[in-house]
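Notes follow once the structure below has been shown.
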Amino acid sequence: KMSPPKWLPLESNPTVLNDFSYSLGLSTKFSWSDIFGFDDDMLAMVPPNVKAVVLLFPITEKSELYQKEEREKIESNERENVVSENVYYMKQTVGNACGTIGVFHAIMNNREDVLDTSSDETVEKKSYFQTFFEKTKDMTPDERAKFVETDTDLESYHATAVNAGDTAVPSLDAKIDLHFTALVERDGRLYELDGRKKTAIDHGNIDRGELLKASVERVIKGFMERADGSIHFGACALAENSELF
């Protein structure tokens, strides 16, 4: 059995995420921007109407243990985890593709708002994101992961985005101890979407416009506590392009 392919990691860098997302069909009315810190002053600098947050976090012994306990609690029904059928969730099997999967989780769960639909009339001009959704919408999370493994188009978009990054591109065998997860709102609830988990994780009700604050308070602060002092955090927000910024 062939092992799944390995890609080079994407940077948690708005320029890279924007180029990658626009090439796949994100509307230019939206863009990724940096979240420079998680206190109120820093969060106030993020454009309003945040649609999704992608968090880059360090994998530590504590974070791995927490993930295992969380899974066991969900499986034993000690932790309720009701996931709306409208949540688009996919597993990650391609090594280092977590940045790509994070972007896909952000966009697929906001596709009604953030896709460039100006080219809907003709089939030939449908964006990659639209085609991807249509091909994978009835698949299980595992089948979606398999689809990504074999999709050469996506791999080449990913490679282009990696090479556009600022930091030196690591070798394919470098041990990457950082991982991306996405936070989105769907049907009035906050969901954490991490392709290494078994399922989307429900983090409770949220009001409209509360995604950024709730993500920090309910999810990101916990990741920081489990990071053993590591400063390797990065976060980007997908939001409307505002003339003010």
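Each chain in the structure tokens gets a letter, A, B and so on, in the order shown; residues start at 1 in every chain, and ligands are counted from 1 in the order they appear.
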Could you name the residues that touch range 46-61 of chain A at 6 Å or less, counting only C-alpha atoms, but leaving out those on the same chain fewer than 3 positions away, as a list in words? Leu43, Glu64, Ala106, Asp177, Leu178, His179, Phe180, Thr181, Ala182, Leu183, Val184, Gly209, His232, Phe233, Gly234, Ala235, Cys236, Ala237, Leu238 and Ala239 of chain A
Could you write out that same residue set with C-alpha atoms as a compact mmCIF listing (two decimals), in the first residue's frame?
# COMPACT_ATOMS: atom_id res chain seq x y z
CA LEU A 43 -8.13 41.76 18.08
CA GLU A 64 -1.60 15.53 22.01
CA ALA A 106 -12.63 28.00 6.15
CA ASP A 177 5.77 20.20 14.79
CA LEU A 178 3.26 22.86 13.85
CA HIS A 179 -0.28 22.28 12.72
CA PHE A 180 -3.20 24.34 11.36
CA THR A 181 -6.77 24.16 12.53
CA ALA A 182 -9.76 26.22 11.34
CA LEU A 183 -12.54 27.86 13.34
CA VAL A 184 -15.82 28.66 11.63
CA GLY A 209 -20.18 38.75 14.53
CA HIS A 232 5.12 29.28 17.61
CA PHE A 233 1.60 30.53 17.12
CA GLY A 234 0.22 32.22 14.06
CA ALA A 235 -3.33 33.13 13.19
CA CYS A 236 -5.08 34.64 10.22
CA ALA A 237 -8.65 35.81 9.84
CA LEU A 238 -10.77 35.59 6.72
CA ALA A 239 -12.87 38.75 6.62
From the DSSP assignment of the backbone, select every residue of range 76-229 of chain A that is alpha helix (DSSP H), and format the answer as a count of residues only. 56
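What separates CA of Leu193 in chain A from CA of Lys125 in chain A is a distance of 29.0 Å.
Atom pair CA of Arg186 in chain A / CA of Val87 in chain A has a distance of 6.4 Å (rounded to one decimal).
Residues of range 31-89 of chain A carrying a DSSP assignment of strand (DSSP E), computed from the backbone, are Ser31, Trp32, Ser33, Asp34, Val50, Lys51, Ala52, Val53, Val54, Leu55, Leu56, Phe57 and Pro58 of chain A.
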Write the residues of the preceding selection, restricted to N, CA, C and O atoms, as a CSV table (one decimal), in the first residue's frame.
chain,number,residue,atom,x,y,z
A,31,SER,N,-10.5,38.8,2.2
A,31,SER,CA,-9.1,38.5,2.3
A,31,SER,C,-8.7,38.0,3.6
A,31,SER,O,-9.4,38.2,4.6
A,32,TRP,N,-7.6,37.3,3.6
A,32,TRP,CA,-6.9,36.9,4.9
A,32,TRP,C,-6.1,38.0,5.5
A,32,TRP,O,-5.4,38.7,4.7
A,33,SER,N,-6.1,38.2,6.8
A,33,SER,CA,-5.2,39.2,7.4
A,33,SER,C,-4.7,38.6,8.7
A,33,SER,O,-5.3,37.7,9.3
A,34,ASP,N,-3.5,39.2,9.1
A,34,ASP,CA,-2.9,38.7,10.3
A,34,ASP,C,-3.7,39.0,11.5
A,34,ASP,O,-4.3,40.1,11.7
A,50,VAL,N,-15.5,38.8,10.6
A,50,VAL,CA,-14.6,37.6,10.4
A,50,VAL,C,-15.5,36.4,10.1
A,50,VAL,O,-16.4,36.1,10.8
A,51,LYS,N,-15.1,35.7,9.0
A,51,LYS,CA,-15.8,34.5,8.6
A,51,LYS,C,-15.2,33.2,9.1
A,51,LYS,O,-15.8,32.2,9.2
A,52,ALA,N,-13.8,33.3,9.3
A,52,ALA,CA,-13.1,32.1,9.7
A,52,ALA,C,-11.8,32.5,10.3
A,52,ALA,O,-11.3,33.6,9.9
A,53,VAL,N,-11.2,31.7,11.2
A,53,VAL,CA,-9.9,31.9,11.7
A,53,VAL,C,-9.1,30.7,11.4
A,53,VAL,O,-9.6,29.5,11.7
A,54,VAL,N,-7.9,30.8,10.9
A,54,VAL,CA,-7.0,29.6,10.9
A,54,VAL,C,-5.9,29.9,11.9
A,54,VAL,O,-5.3,31.0,12.0
A,55,LEU,N,-5.7,28.9,12.7
A,55,LEU,CA,-4.7,28.9,13.8
A,55,LEU,C,-3.6,28.0,13.5
A,55,LEU,O,-3.8,26.8,13.2
A,56,LEU,N,-2.3,28.5,13.6
A,56,LEU,CA,-1.2,27.6,13.5
A,56,LEU,C,-0.7,27.4,14.9
A,56,LEU,O,-0.4,28.4,15.6
A,57,PHE,N,-0.5,26.2,15.4
A,57,PHE,CA,-0.2,26.0,16.8
A,57,PHE,C,0.9,24.9,16.9
A,57,PHE,O,1.0,24.0,16.0
A,58,PRO,N,1.7,24.9,17.9
A,58,PRO,CA,2.7,23.9,18.1
A,58,PRO,C,2.1,22.6,18.7
A,58,PRO,O,1.2,22.6,19.5
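If you measure from each of A:Gly25, A:Gly204, A:Gly37, A:Gly95 to Val219 in chain A using only C-alpha atoms, the closest one turns out to be A:Gly204.
Across A:Arg226, A:Arg218, A:Lys146, A:Arg208, the tightest approach to Gln92 in chain A is made by A:Lys146 when counting only C-alpha atoms.
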What's around Asp138 in chain A at 12 Å? Count only C-alpha atoms, leave out sequence neighbours fewer than 2 positions away in its own chain, and write the answer as a count of residues only. 15
Using only C-alpha atoms, which protein or nucleic acid residues come within 12 Å of Asp202 in chain A? Drop anything in the same chain fewer than 3 positions from it, and give the result as a PyMOL selection string. chain A and resi 70+74+79-84+87+183-194+199+205-206+215+218-219
Restricting the calculation to only C-alpha atoms: of A:Glu72, A:Leu211, A:Thr28, A:Phe129, which residue gets closest to Met108 in chain A? A:Phe129
I need the residue nearest Ile101 in chain A from this list: A:Asp39, A:Asp19, A:Glu155, A:Glu240. Use only C-alpha atoms for the distance. A:Glu155
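For the pair CA of Lys91 in chain A and CA of Gly229 in chain A, the interatomic distance is 28.3 Å.
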Minimum-distance residue to Val216 in chain A, chosen among A:Asn77, A:Lys62, A:Ala145, A:His203 (using only C-alpha atoms): A:His203
